[in-house]
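Raw upload19.cif, mmCIF, C-alpha atoms:
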data_input
#
loop_
_atom_site.group_PDB
_atom_site.id
_atom_site.type_symbol
_atom_site.label_atom_id
_atom_site.label_comp_id
_atom_site.auth_asym_id
_atom_site.auth_seq_id
_atom_site.Cartn_x
_atom_site.Cartn_y
_atom_site.Cartn_z
ATOM 1 C CA MET T 1 -12.361 7.798 6.470
ATOM 2 C CA ALA T 2 -9.173 9.657 7.335
ATOM 3 C CA ASP T 3 -10.546 10.821 10.649
ATOM 4 C CA GLY T 4 -12.356 7.593 11.488
ATOM 5 C CA GLN T 5 -15.834 9.005 10.789
ATOM 6 C CA PRO T 6 -18.483 6.652 9.338
ATOM 7 C CA SER T 7 -18.650 6.446 5.525
ATOM 8 C CA LYS T 8 -21.530 5.650 3.209
ATOM 9 C CA ILE T 9 -21.243 2.256 1.551
ATOM 10 C CA VAL T 10 -22.827 0.321 -1.305
ATOM 11 C CA GLU T 11 -23.558 -2.823 0.703
ATOM 12 C CA ILE T 12 -22.726 -4.538 3.978
ATOM 13 C CA PRO T 13 -20.807 -7.769 3.292
ATOM 14 C CA LEU T 14 -21.080 -10.749 5.588
ATOM 15 C CA VAL T 15 -18.018 -11.533 7.663
ATOM 16 C CA VAL T 16 -16.060 -14.435 6.226
ATOM 17 C CA GLN T 17 -16.688 -16.555 9.316
ATOM 18 C CA GLU T 18 -20.417 -16.514 8.465
ATOM 19 C CA LEU T 19 -19.774 -17.466 4.865
ATOM 20 C CA VAL T 20 -17.412 -20.331 5.680
ATOM 21 C CA ALA T 21 -20.039 -22.012 7.833
ATOM 22 C CA GLY T 22 -22.457 -22.488 4.948
ATOM 23 C CA MET T 23 -20.521 -23.132 1.732
ATOM 24 C CA GLN T 24 -17.694 -25.067 0.138
ATOM 25 C CA GLU T 25 -16.281 -22.334 -2.120
ATOM 26 C CA PRO T 26 -16.066 -18.526 -1.878
ATOM 27 C CA PRO T 27 -18.807 -16.565 -3.678
ATOM 28 C CA ASN T 28 -17.864 -14.925 -6.969
ATOM 29 C CA ARG T 29 -17.582 -11.512 -5.249
ATOM 30 C CA TYR T 30 -14.425 -12.813 -3.518
ATOM 31 C CA VAL T 31 -12.779 -14.216 -6.644
ATOM 32 C CA LEU T 32 -10.529 -12.083 -8.839
ATOM 33 C CA PRO T 33 -11.486 -11.928 -12.528
ATOM 34 C CA GLU T 34 -9.274 -14.311 -14.462
ATOM 35 C CA GLN T 35 -7.520 -11.491 -16.323
ATOM 36 C CA ASP T 36 -6.493 -9.887 -13.016
ATOM 37 C CA ARG T 37 -4.965 -12.975 -11.456
ATOM 38 C CA PRO T 38 -1.200 -13.511 -11.328
ATOM 39 C CA ALA T 39 -0.060 -15.568 -14.301
ATOM 40 C CA VAL T 40 1.601 -18.153 -12.043
ATOM 41 C CA ALA T 41 1.917 -18.935 -8.375
ATOM 42 C CA GLY T 42 4.447 -16.877 -6.479
ATOM 43 C CA SER T 43 8.028 -17.432 -7.606
ATOM 44 C CA ASP T 44 10.997 -17.990 -5.353
ATOM 45 C CA ILE T 45 12.591 -14.643 -4.632
ATOM 46 C CA PRO T 46 15.873 -14.282 -6.605
ATOM 47 C CA GLU T 47 17.735 -12.797 -3.652
ATOM 48 C CA PRO T 48 16.905 -12.942 0.060
ATOM 49 C CA ILE T 49 15.068 -10.002 1.597
ATOM 50 C CA PRO T 50 17.745 -8.370 3.790
ATOM 51 C CA ILE T 51 17.613 -9.135 7.495
ATOM 52 C CA VAL T 52 18.453 -6.083 9.601
ATOM 53 C CA ASP T 53 19.573 -6.474 13.208
ATOM 54 C CA LEU T 54 18.011 -3.512 14.999
ATOM 55 C CA SER T 55 20.167 -4.029 18.072
ATOM 56 C CA ARG T 56 23.227 -3.347 15.912
ATOM 57 C CA LEU T 57 21.473 -0.561 14.021
ATOM 58 C CA SER T 58 21.033 1.283 17.322
ATOM 59 C CA ASP T 59 24.790 1.131 17.967
ATOM 60 C CA SER T 60 25.946 4.277 16.151
ATOM 61 C CA ASP T 61 29.612 3.259 16.464
ATOM 62 C CA ASN T 62 29.178 -0.169 14.876
ATOM 63 C CA ASN T 63 26.189 -0.109 12.531
ATOM 64 C CA ALA T 64 27.680 0.481 9.065
ATOM 65 C CA ASP T 65 26.824 -3.017 7.797
ATOM 66 C CA GLU T 66 23.249 -2.849 9.094
ATOM 67 C CA THR T 67 22.769 0.627 7.621
ATOM 68 C CA ASP T 68 23.953 -0.624 4.223
ATOM 69 C CA LYS T 69 21.515 -3.547 4.384
ATOM 70 C CA LEU T 70 18.693 -1.212 5.404
ATOM 71 C CA GLN T 71 19.390 1.127 2.493
ATOM 72 C CA PHE T 72 19.646 -1.713 -0.026
ATOM 73 C CA ALA T 73 16.400 -3.275 1.168
ATOM 74 C CA LEU T 74 14.345 -0.092 0.986
ATOM 75 C CA GLU T 75 15.746 1.088 -2.339
ATOM 76 C CA ASN T 76 15.196 -2.290 -3.988
ATOM 77 C CA TRP T 77 12.333 -3.990 -2.182
ATOM 78 C CA GLY T 78 10.642 -1.450 0.077
ATOM 79 C CA LEU T 79 10.705 -3.786 3.067
ATOM 80 C CA PHE T 80 13.031 -5.784 5.309
ATOM 81 C CA LEU T 81 12.977 -8.401 8.044
ATOM 82 C CA ALA T 82 13.897 -7.045 11.484
ATOM 83 C CA VAL T 83 15.594 -9.109 14.175
ATOM 84 C CA GLY T 84 17.143 -7.908 17.430
ATOM 85 C CA HIS T 85 14.011 -5.812 17.982
ATOM 86 C CA GLY T 86 13.699 -6.497 21.697
ATOM 87 C CA MET T 87 10.485 -8.534 21.555
ATOM 88 C CA GLY T 88 11.221 -12.039 22.763
ATOM 89 C CA PRO T 89 9.530 -15.171 21.393
ATOM 90 C CA SER T 90 7.375 -15.534 24.514
ATOM 91 C CA PHE T 91 5.968 -11.998 24.187
ATOM 92 C CA LEU T 92 5.316 -12.369 20.444
ATOM 93 C CA SER T 93 3.603 -15.681 21.144
ATOM 94 C CA GLU T 94 1.379 -13.940 23.676
ATOM 95 C CA VAL T 95 0.469 -11.252 21.111
ATOM 96 C CA MET T 96 -0.600 -13.917 18.630
ATOM 97 C CA LYS T 97 -2.349 -15.939 21.362
ATOM 98 C CA VAL T 98 -4.693 -13.153 22.487
ATOM 99 C CA THR T 99 -5.379 -12.199 18.859
ATOM 100 C CA ARG T 100 -6.263 -15.781 17.933
ATOM 101 C CA GLU T 101 -8.436 -16.116 21.042
ATOM 102 C CA PHE T 102 -10.410 -13.030 20.004
ATOM 103 C CA TYR T 103 -11.090 -14.412 16.532
ATOM 104 C CA LYS T 104 -12.197 -17.730 18.043
ATOM 105 C CA LEU T 105 -14.896 -16.025 20.111
ATOM 106 C CA PRO T 106 -18.498 -16.699 19.042
ATOM 107 C CA LEU T 107 -19.582 -14.503 16.146
ATOM 108 C CA GLU T 108 -22.235 -12.753 18.223
ATOM 109 C CA GLU T 109 -19.562 -11.740 20.756
ATOM 110 C CA LYS T 110 -17.273 -10.279 18.069
ATOM 111 C CA GLN T 111 -20.198 -8.431 16.488
ATOM 112 C CA LYS T 112 -20.371 -6.270 19.626
ATOM 113 C CA TYR T 113 -17.329 -4.518 18.136
ATOM 114 C CA SER T 114 -18.656 -4.257 14.569
ATOM 115 C CA ASN T 115 -17.238 -1.697 12.148
ATOM 116 C CA PHE T 116 -20.747 -0.877 10.955
ATOM 117 C CA VAL T 117 -22.501 1.919 12.821
ATOM 118 C CA ASP T 118 -26.172 1.062 13.433
ATOM 119 C CA GLY T 119 -25.736 -1.586 10.746
ATOM 120 C CA LYS T 120 -25.745 1.071 8.024
ATOM 121 C CA GLU T 121 -22.470 3.002 7.878
ATOM 122 C CA PHE T 122 -18.868 1.833 7.760
ATOM 123 C CA ARG T 123 -16.101 3.096 10.022
ATOM 124 C CA VAL T 124 -12.425 2.182 9.922
ATOM 125 C CA GLU T 125 -12.335 0.864 13.463
ATOM 126 C CA GLY T 126 -13.989 -2.314 14.605
ATOM 127 C CA TYR T 127 -14.492 -5.910 13.528
ATOM 128 C CA GLY T 128 -15.766 -7.031 10.137
ATOM 129 C CA ASN T 129 -14.975 -6.946 6.451
ATOM 130 C CA ALA T 130 -13.663 -4.146 4.230
ATOM 131 C CA MET T 131 -15.730 -1.199 3.034
ATOM 132 C CA VAL T 132 -17.646 -1.828 -0.208
ATOM 133 C CA ILE T 133 -17.905 1.326 -2.315
ATOM 134 C CA SER T 134 -18.348 -0.231 -5.762
ATOM 135 C CA GLU T 135 -20.782 -2.860 -7.006
ATOM 136 C CA ASN T 136 -17.962 -4.383 -9.076
ATOM 137 C CA GLN T 137 -15.452 -4.420 -6.221
ATOM 138 C CA THR T 138 -13.724 -7.755 -5.548
ATOM 139 C CA LEU T 139 -13.936 -8.390 -1.808
ATOM 140 C CA ASP T 140 -11.148 -9.701 0.419
ATOM 141 C CA TRP T 141 -11.492 -13.208 1.843
ATOM 142 C CA CYS T 142 -10.683 -12.185 5.397
ATOM 143 C CA ASP T 143 -12.089 -10.599 8.521
ATOM 144 C CA ARG T 144 -10.383 -7.580 10.098
ATOM 145 C CA PHE T 145 -10.268 -5.954 13.495
ATOM 146 C CA TYR T 146 -8.958 -2.361 13.367
ATOM 147 C CA LEU T 147 -8.273 -0.321 16.482
ATOM 148 C CA ALA T 148 -6.755 3.145 16.862
ATOM 149 C CA VAL T 149 -4.024 2.627 19.442
ATOM 150 C CA GLU T 150 -2.103 5.935 19.252
ATOM 151 C CA PRO T 151 -2.458 8.593 20.480
ATOM 152 C CA GLU T 152 -4.221 7.323 23.570
ATOM 153 C CA SER T 153 -6.837 10.074 23.220
ATOM 154 C CA ARG T 154 -8.003 8.431 19.950
ATOM 155 C CA ARG T 155 -8.717 5.068 21.534
ATOM 156 C CA ILE T 156 -12.385 4.083 21.546
ATOM 157 C CA TYR T 157 -12.352 1.723 24.478
ATOM 158 C CA THR T 158 -15.901 0.534 23.808
ATOM 159 C CA LEU T 159 -14.391 -1.226 20.782
ATOM 160 C CA TRP T 160 -11.614 -2.868 22.814
ATOM 161 C CA PRO T 161 -12.729 -6.414 23.659
ATOM 162 C CA THR T 162 -13.025 -7.584 27.244
ATOM 163 C CA GLN T 163 -12.235 -11.147 26.137
ATOM 164 C CA PRO T 164 -9.628 -12.467 26.324
ATOM 165 C CA PRO T 165 -8.940 -10.545 29.569
ATOM 166 C CA SER T 166 -5.308 -9.761 28.741
ATOM 167 C CA PHE T 167 -6.076 -8.390 25.250
ATOM 168 C CA SER T 168 -5.850 -4.684 26.133
ATOM 169 C CA ASP T 169 -2.683 -4.940 28.220
ATOM 170 C CA ILE T 170 -0.872 -6.970 25.576
ATOM 171 C CA LEU T 171 -1.933 -4.606 22.782
ATOM 172 C CA CYS T 172 -0.783 -1.541 24.741
ATOM 173 C CA GLU T 173 2.623 -3.108 25.349
ATOM 174 C CA TYR T 174 2.941 -4.186 21.710
ATOM 175 C CA THR T 175 2.038 -0.654 20.600
ATOM 176 C CA ALA T 176 4.739 0.928 22.781
ATOM 177 C CA ARG T 177 7.406 -1.491 21.581
ATOM 178 C CA CYS T 178 6.473 -1.009 17.912
ATOM 179 C CA ARG T 179 6.722 2.759 18.355
ATOM 180 C CA ARG T 180 10.301 2.443 19.628
ATOM 181 C CA ILE T 181 11.198 0.299 16.621
ATOM 182 C CA THR T 182 9.538 2.745 14.228
ATOM 183 C CA ASN T 183 11.436 5.704 15.649
ATOM 184 C CA LEU T 184 14.753 3.832 15.442
ATOM 185 C CA VAL T 185 14.208 2.938 11.778
ATOM 186 C CA LEU T 186 13.047 6.440 10.820
ATOM 187 C CA GLU T 187 16.018 8.052 12.568
ATOM 188 C CA ASN T 188 18.432 5.890 10.595
ATOM 189 C CA LEU T 189 16.635 6.596 7.323
ATOM 190 C CA ALA T 190 17.038 10.328 7.942
ATOM 191 C CA LYS T 191 20.770 9.848 8.525
ATOM 192 C CA LEU T 192 21.090 8.140 5.128
ATOM 193 C CA PHE T 193 20.060 11.440 3.519
ATOM 194 C CA ASN T 194 22.066 13.624 5.919
ATOM 195 C CA LEU T 195 18.810 14.984 7.305
ATOM 196 C CA HIS T 196 18.171 15.785 10.952
ATOM 197 C CA GLU T 197 17.539 12.441 12.651
ATOM 198 C CA ASP T 198 14.038 13.509 13.696
ATOM 199 C CA TYR T 199 13.040 14.552 10.166
ATOM 200 C CA PHE T 200 10.911 11.470 9.448
ATOM 201 C CA VAL T 201 10.018 10.852 13.105
ATOM 202 C CA ASN T 202 8.401 14.288 13.209
ATOM 203 C CA MET T 203 5.959 13.169 10.513
ATOM 204 C CA LEU T 204 4.365 11.094 13.268
ATOM 205 C CA ASP T 205 3.382 13.933 15.586
ATOM 206 C CA GLU T 206 0.659 14.045 18.241
ATOM 207 C CA ASN T 207 -2.012 14.022 15.516
ATOM 208 C CA THR T 208 -0.708 10.799 13.985
ATOM 209 C CA THR T 209 -3.010 7.810 14.322
ATOM 210 C CA THR T 210 -1.683 4.269 14.624
ATOM 211 C CA TYR T 211 -3.967 1.370 13.720
ATOM 212 C CA ALA T 212 -3.492 -2.274 14.718
ATOM 213 C CA SER T 213 -4.955 -5.083 12.262
ATOM 214 C CA GLY T 214 1.039 -15.920 2.911
ATOM 215 C CA LEU T 215 2.513 -12.506 1.839
ATOM 216 C CA GLN T 216 3.633 -11.972 -1.742
ATOM 217 C CA LEU T 217 5.608 -9.051 -3.139
ATOM 218 C CA GLN T 218 5.563 -7.716 -6.688
ATOM 219 C CA LYS T 219 8.708 -6.495 -8.412
ATOM 220 C CA GLU T 220 9.007 -5.691 -12.113
ATOM 221 C CA GLY T 221 5.703 -7.415 -12.788
ATOM 222 C CA VAL T 222 6.606 -10.689 -11.033
ATOM 223 C CA TRP T 223 5.024 -11.924 -7.792
ATOM 224 C CA TYR T 224 7.508 -13.384 -5.312
ATOM 225 C CA ASN T 225 6.927 -15.327 -2.114
ATOM 226 C CA VAL T 226 8.366 -13.550 0.917
ATOM 227 C CA ARG T 227 10.216 -15.955 3.195
ATOM 228 C CA ILE T 228 9.245 -15.401 6.806
ATOM 229 C CA ILE T 229 11.721 -15.986 9.630
ATOM 230 C CA PRO T 230 10.293 -17.001 13.032
ATOM 231 C CA ASN T 231 10.120 -14.062 15.493
ATOM 232 C CA ALA T 232 11.328 -11.561 12.874
ATOM 233 C CA LEU T 233 9.172 -8.509 12.150
ATOM 234 C CA LEU T 234 8.365 -7.547 8.577
ATOM 235 C CA VAL T 235 8.859 -3.773 8.187
ATOM 236 C CA ASN T 236 7.160 -2.295 5.135
ATOM 237 C CA MET T 237 7.670 1.219 3.780
ATOM 238 C CA GLY T 238 4.386 2.936 2.952
ATOM 239 C CA ASP T 239 3.485 5.387 0.213
ATOM 240 C CA ALA T 240 4.213 8.409 2.407
ATOM 241 C CA MET T 241 7.862 7.373 2.756
ATOM 242 C CA GLU T 242 8.188 6.864 -0.998
ATOM 243 C CA ILE T 243 6.841 10.384 -1.546
ATOM 244 C CA ARG T 244 8.940 11.971 1.227
ATOM 245 C CA SER T 245 12.109 10.331 -0.080
ATOM 246 C CA ASN T 246 11.283 11.501 -3.626
ATOM 247 C CA GLY T 247 11.242 7.918 -4.810
ATOM 248 C CA PHE T 248 14.559 6.763 -3.327
ATOM 249 C CA PHE T 249 12.635 4.358 -1.093
ATOM 250 C CA LYS T 250 9.934 2.216 -2.666
ATOM 251 C CA SER T 251 6.516 1.402 -1.315
ATOM 252 C CA PRO T 252 6.152 -2.268 -2.275
ATOM 253 C CA VAL T 253 3.158 -3.654 -4.127
ATOM 254 C CA HIS T 254 2.145 -6.648 -2.044
ATOM 255 C CA MET T 255 -0.772 -8.969 -1.405
ATOM 256 C CA VAL T 256 -1.829 -11.653 1.018
ATOM 257 C CA VAL T 257 -2.595 -15.042 -0.520
ATOM 258 C CA THR T 258 -5.327 -17.249 0.904
ATOM 259 C CA ASN T 259 -4.578 -20.836 1.853
ATOM 260 C CA ALA T 260 -7.245 -23.506 1.572
ATOM 261 C CA GLU T 261 -5.520 -25.708 4.143
ATOM 262 C CA LYS T 262 -4.391 -23.305 6.854
ATOM 263 C CA GLU T 263 -5.658 -20.085 8.434
ATOM 264 C CA ARG T 264 -3.499 -16.969 8.353
ATOM 265 C CA LEU T 265 -3.347 -14.498 11.235
ATOM 266 C CA SER T 266 -1.451 -11.193 11.194
ATOM 267 C CA VAL T 267 -1.011 -8.402 13.731
ATOM 268 C CA VAL T 268 -0.131 -5.220 11.846
ATOM 269 C CA MET T 269 0.648 -1.646 12.858
ATOM 270 C CA PHE T 270 -0.251 1.112 10.385
ATOM 271 C CA TYR T 271 1.101 4.611 10.999
ATOM 272 C CA SER T 272 -1.079 7.297 9.403
ATOM 273 C CA MET T 273 -0.109 10.976 9.520
ATOM 274 C CA ASP T 274 -2.255 13.894 10.644
ATOM 275 C CA PRO T 275 -5.158 14.115 8.142
ATOM 276 C CA GLU T 276 -4.453 17.839 7.593
ATOM 277 C CA ARG T 277 -0.717 17.393 7.067
ATOM 278 C CA GLU T 278 0.684 17.716 3.560
ATOM 279 C CA THR T 279 2.892 14.990 2.125
ATOM 280 C CA GLU T 280 5.529 15.982 -0.423
ATOM 281 C CA PRO T 281 9.174 15.224 -1.262
ATOM 282 C CA ALA T 282 11.711 16.642 1.174
ATOM 283 C CA SER T 283 13.180 19.798 -0.375
ATOM 284 C CA GLU T 284 16.680 18.570 0.510
ATOM 285 C CA LEU T 285 16.155 15.582 -1.814
ATOM 286 C CA VAL T 286 15.133 17.587 -4.878
ATOM 287 C CA ASP T 287 17.677 19.150 -7.241
ATOM 288 C CA GLU T 288 18.600 19.231 -10.938
ATOM 289 C CA LYS T 289 19.870 15.650 -10.875
ATOM 290 C CA ASN T 290 16.894 14.436 -8.842
ATOM 291 C CA PRO T 291 13.830 16.390 -9.992
ATOM 292 C CA ARG T 292 10.635 16.277 -7.991
ATOM 293 C CA GLN T 293 8.713 13.048 -8.659
ATOM 294 C CA TYR T 294 5.483 13.601 -6.679
ATOM 295 C CA ARG T 295 2.955 16.370 -6.189
ATOM 296 C CA THR T 296 1.883 17.703 -2.790
ATOM 297 C CA ILE T 297 -1.222 16.159 -1.263
ATOM 298 C CA LYS T 298 -2.925 16.249 2.142
ATOM 299 C CA THR T 299 -3.065 12.996 4.088
ATOM 300 C CA LYS T 300 -6.872 12.969 4.154
ATOM 301 C CA ASP T 301 -7.036 13.463 0.385
ATOM 302 C CA TYR T 302 -4.544 10.667 -0.163
ATOM 303 C CA LEU T 303 -6.568 8.311 2.031
ATOM 304 C CA THR T 304 -9.576 9.118 -0.146
ATOM 305 C CA GLU T 305 -7.514 8.167 -3.205
ATOM 306 C CA ILE T 306 -6.569 4.883 -1.530
ATOM 307 C CA SER T 307 -10.249 4.065 -1.032
ATOM 308 C CA LYS T 308 -11.048 4.832 -4.679
ATOM 309 C CA THR T 309 -8.108 2.967 -6.155
ATOM 310 C CA PHE T 310 -8.537 0.008 -3.796
ATOM 311 C CA ALA T 311 -12.049 -0.549 -5.141
ATOM 312 C CA ARG T 312 -10.727 -0.337 -8.729
ATOM 313 C CA GLY T 313 -7.689 -2.535 -8.087
ATOM 314 C CA THR T 314 -5.209 0.232 -8.973
ATOM 315 C CA LEU T 315 -2.464 2.035 -7.016
ATOM 316 C CA ALA T 316 -2.961 5.342 -5.197
ATOM 317 C CA ILE T 317 0.747 6.219 -5.494
ATOM 318 C CA ASP T 318 0.334 6.493 -9.279
ATOM 319 C CA THR T 319 -2.172 9.340 -8.845
ATOM 320 C CA VAL T 320 0.440 11.659 -7.296
ATOM 321 C CA LYS T 321 3.366 10.937 -9.591
ATOM 322 C CA ILE T 322 4.461 13.863 -11.763
#
As structure tokens:
Amino acid sequence: MADGQPSKIVEIPLVVQELVAGMQEPPNRYVLPEQDRPAVAGSDIPEPIPIVDLSRLSDSDNNADETDKLQFALENWGLFLAVGHGMGPSFLSEVMKVTREFYKLPLEEKQKYSNFVDGKEFRVEGYGNAMVISENQTLDWCDRFYLAVEPESRRIYTLWPTQPPSFSDILCEYTARCRRITNLVLENLAKLFNLHEDYFVNMLDENTTTYASGLQLQKEGVWYNVRIIPNALLVNMGDAMEIRSNGFFKSPVHMVVTNAEKERLSVVMFYSMDPERETEPASELVDEKNPRQYRTIKTKDYLTEISKTFARGTLAIDTVKI
């Protein structure tokens, strides 16, 4: 799965669009066991998720306040809302427009880009549901469309839809703009630790793959609703950054909640490191006062752990903690 190769699966689930057409309620496979459900609906968050103005963060002579907010957000919540990111409302609207138009295409048209190879094996890229590797796995009530967008050599253009016509151009532009934002954030995170500003950026080398695809956040056992601000981007630290920072930054436990009244559409960028690259705490962040918290693991092995723990409903990050 780490390198995008097909994987053996237990079964091939129907896409949710097929299921919705013929039933009133989701099948049991899509319903969490009662003991695994949150005790209550999401609570109001006790303090606002910090909003970081990236245009000010990029001003090295006048960014102290934004840097403080960035640090607080990632140490306490593992995510933040980004404004001043350079993507205007009209461009973001166009991104959502072409994405929504793709999902509204007839099912037979979308199936041309299926994530099942010859109808038998699952691959990360393409349109469909999640991989099923366990007979007891609770399935997600959503359809996905994953595409490798970086590096360009990894793009499988036969999986890039021809409808709507502007889909590819918009996605390429969105990819380039997200990369600039990612580099800016990673450079500032390195400065917080007095590391070379390219320390975290260099994790995303030429072998890094970037994938495009009601949020709640868990903290101290409580699920909170994340307030979304129009035209702000939600930036989420992943497990690799928690490991690299030796636990100073947190990878948030989060979930998407279905809504019986309204559809939910997200356009997400995932940055995955070179499958052969090892992930471990930065040596500069380990000392007697801050002992090492995580073991070394290759990216491809960690992605395998994510697949296993996802099917069990547990967290991969817990498997590498010392």
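Applied to the shown file, the PyMOL selection byres ((chain T and resi 149) around 9) selects the residues Leu147, Ala148, Glu150, Pro151, Glu152, Ser153, Arg154, Arg155, Ile156, Leu171, Cys172, Thr175, Thr209, Thr210, Tyr211 and Ala212 of chain T.
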Item to check | Neighbour list for Arg56 (chain T) as number ranges by chain, cut-off 9 Å, only C-alpha atoms, skip fewer than 6 positions in-chain | outcome: T: 62-63, 65-66, 84
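CA of Phe249 (chain T) sits 12.2 Å away from CA of Gln293 (chain T).
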Checklist entry - Using all atoms listed in the file, which of the listed residues (T:Pro230, T:Gly313, T:Pro165, T:Gly238) sits closest to Ala82 (chain T)? => result T:Pro230
Next on the checklist: I want to know what sits within 12 Å of Glu101 (chain T), based on all atoms listed in the file, with residues of the same chain fewer than 6 positions away left out; could you give that as a VMD selection string?
Outcome noted: chain T and resid 94 to 95 109 to 110 161 to 167 265
Find the residues around Pro89 (chain T) up to 7 Å (all atoms listed in the file counted), leave out those fewer than 3 positions away in its own chain, and share them as a short mmCIF file (atom, residue, chain, number, x, y, z; two decimals) with C-alpha atoms, keeping the file's coordinate frame.
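Final output, part_33.cif:
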data_model
loop_
_atom_site.label_atom_id
_atom_site.label_comp_id
_atom_site.auth_asym_id
_atom_site.auth_seq_id
_atom_site.Cartn_x
_atom_site.Cartn_y
_atom_site.Cartn_z
CA LEU T 92 5.32 -12.37 20.44
CA SER T 93 3.60 -15.68 21.14
CA ASN T 231 10.12 -14.06 15.49
#
Next on the checklist: Between CA of Met269 (chain T) and CA of Thr314 (chain T), what distance in Å does the model show, to one decimal?
Outcome noted: 22.7 Å
Kindly resolve the PyMOL selection byres ((chain T and resi 244) around 10) on the present coordinates and return the residues as an mmCIF file with C-alpha atoms, in the frame of the given file.
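See expr-v7.cif below for the written result:
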data_model
loop_
_atom_site.group_PDB
_atom_site.id
_atom_site.type_symbol
_atom_site.label_atom_id
_atom_site.label_comp_id
_atom_site.auth_asym_id
_atom_site.auth_seq_id
_atom_site.Cartn_x
_atom_site.Cartn_y
_atom_site.Cartn_z
ATOM 1 C CA PHE T 200 10.911 11.470 9.448
ATOM 2 C CA MET T 203 5.959 13.169 10.513
ATOM 3 C CA ASP T 239 3.485 5.387 0.213
ATOM 4 C CA ALA T 240 4.213 8.409 2.407
ATOM 5 C CA MET T 241 7.862 7.373 2.756
ATOM 6 C CA GLU T 242 8.188 6.864 -0.998
ATOM 7 C CA ILE T 243 6.841 10.384 -1.546
ATOM 8 C CA SER T 245 12.109 10.331 -0.080
ATOM 9 C CA ASN T 246 11.283 11.501 -3.626
ATOM 10 C CA GLY T 247 11.242 7.918 -4.810
ATOM 11 C CA PHE T 248 14.559 6.763 -3.327
ATOM 12 C CA PHE T 249 12.635 4.358 -1.093
ATOM 13 C CA THR T 279 2.892 14.990 2.125
ATOM 14 C CA GLU T 280 5.529 15.982 -0.423
ATOM 15 C CA PRO T 281 9.174 15.224 -1.262
ATOM 16 C CA ALA T 282 11.711 16.642 1.174
ATOM 17 C CA SER T 283 13.180 19.798 -0.375
ATOM 18 C CA LEU T 285 16.155 15.582 -1.814
ATOM 19 C CA GLN T 293 8.713 13.048 -8.659
ATOM 20 C CA TYR T 294 5.483 13.601 -6.679
ATOM 21 C CA THR T 296 1.883 17.703 -2.790
#
Item to check | Residues matched by the PyMOL selection byres ((chain T and resi 312) around 9), written as a ChimeraX atom specification | outcome: /T:134,136-138,307-311,313-315
Item to check | Length of the CA of Val286 (chain T) to CA of Pro50 (chain T) vector [Å] | outcome: 27.5 Å
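Across T:Ser114, T:Val320, T:Glu305, T:His254, the tightest approach to Arg292 (chain T) is made by T:Val320 when counting all atoms listed in the file.
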Next on the checklist: Taking all atoms listed in the file into account, name the residue in T:Trp77, T:Phe91, T:Asn194, T:Asp118 that is nearest to Ile170 (chain T).
Outcome noted: T:Phe91
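Closest to Arg123 (chain T) among T:Val201, T:Phe145, T:Cys178, T:Glu34 is T:Phe145, based on all atoms listed in the file.
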Checklist entry - Taking into account only C-alpha atoms, which residue in the set T:Glu187, T:Glu278, T:Glu284, T:Asp318 is nearest to Val253 (chain T)? => result T:Asp318
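Each of T:Tyr30, T:Tyr127, T:Tyr302, T:Tyr271 was checked against Leu139 (chain T) using only C-alpha atoms; the smallest atom-to-atom distance is that of T:Tyr30.
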Taking the partial coordinates given, rebuild region 49-56 of chain T to contain N, CA, C and O atoms; return it as an mmCIF file, in the frame of the given file.
data_model
loop_
_atom_site.group_PDB
_atom_site.id
_atom_site.type_symbol
_atom_site.label_atom_id
_atom_site.label_comp_id
_atom_site.auth_asym_id
_atom_site.auth_seq_id
_atom_site.Cartn_x
_atom_site.Cartn_y
_atom_site.Cartn_z
ATOM 1 N N ILE T 49 15.388 -11.307 1.023
ATOM 2 C CA ILE T 49 15.068 -10.002 1.597
ATOM 3 C C ILE T 49 16.065 -9.758 2.728
ATOM 4 O O ILE T 49 16.247 -10.615 3.592
ATOM 5 N N PRO T 50 16.745 -8.618 2.741
ATOM 6 C CA PRO T 50 17.745 -8.370 3.790
ATOM 7 C C PRO T 50 17.157 -8.478 5.196
ATOM 8 O O PRO T 50 16.019 -8.089 5.446
ATOM 9 N N ILE T 51 17.964 -9.039 6.078
ATOM 10 C CA ILE T 51 17.613 -9.135 7.495
ATOM 11 C C ILE T 51 18.440 -8.095 8.235
ATOM 12 O O ILE T 51 19.669 -8.113 8.180
ATOM 13 N N VAL T 52 17.779 -7.175 8.900
ATOM 14 C CA VAL T 52 18.453 -6.083 9.601
ATOM 15 C C VAL T 52 18.361 -6.316 11.103
ATOM 16 O O VAL T 52 17.269 -6.514 11.647
ATOM 17 N N ASP T 53 19.508 -6.309 11.754
ATOM 18 C CA ASP T 53 19.573 -6.474 13.208
ATOM 19 C C ASP T 53 19.436 -5.096 13.854
ATOM 20 O O ASP T 53 20.359 -4.281 13.817
ATOM 21 N N LEU T 54 18.270 -4.836 14.431
ATOM 22 C CA LEU T 54 18.011 -3.512 14.999
ATOM 23 C C LEU T 54 18.873 -3.226 16.224
ATOM 24 O O LEU T 54 19.163 -2.061 16.523
ATOM 25 N N SER T 55 19.303 -4.265 16.921
ATOM 26 C CA SER T 55 20.167 -4.029 18.072
ATOM 27 C C SER T 55 21.517 -3.477 17.629
ATOM 28 O O SER T 55 22.143 -2.667 18.333
ATOM 29 N N ARG T 56 21.983 -3.890 16.462
ATOM 30 C CA ARG T 56 23.227 -3.347 15.912
ATOM 31 C C ARG T 56 22.988 -1.997 15.245
ATOM 32 O O ARG T 56 23.845 -1.120 15.269
#
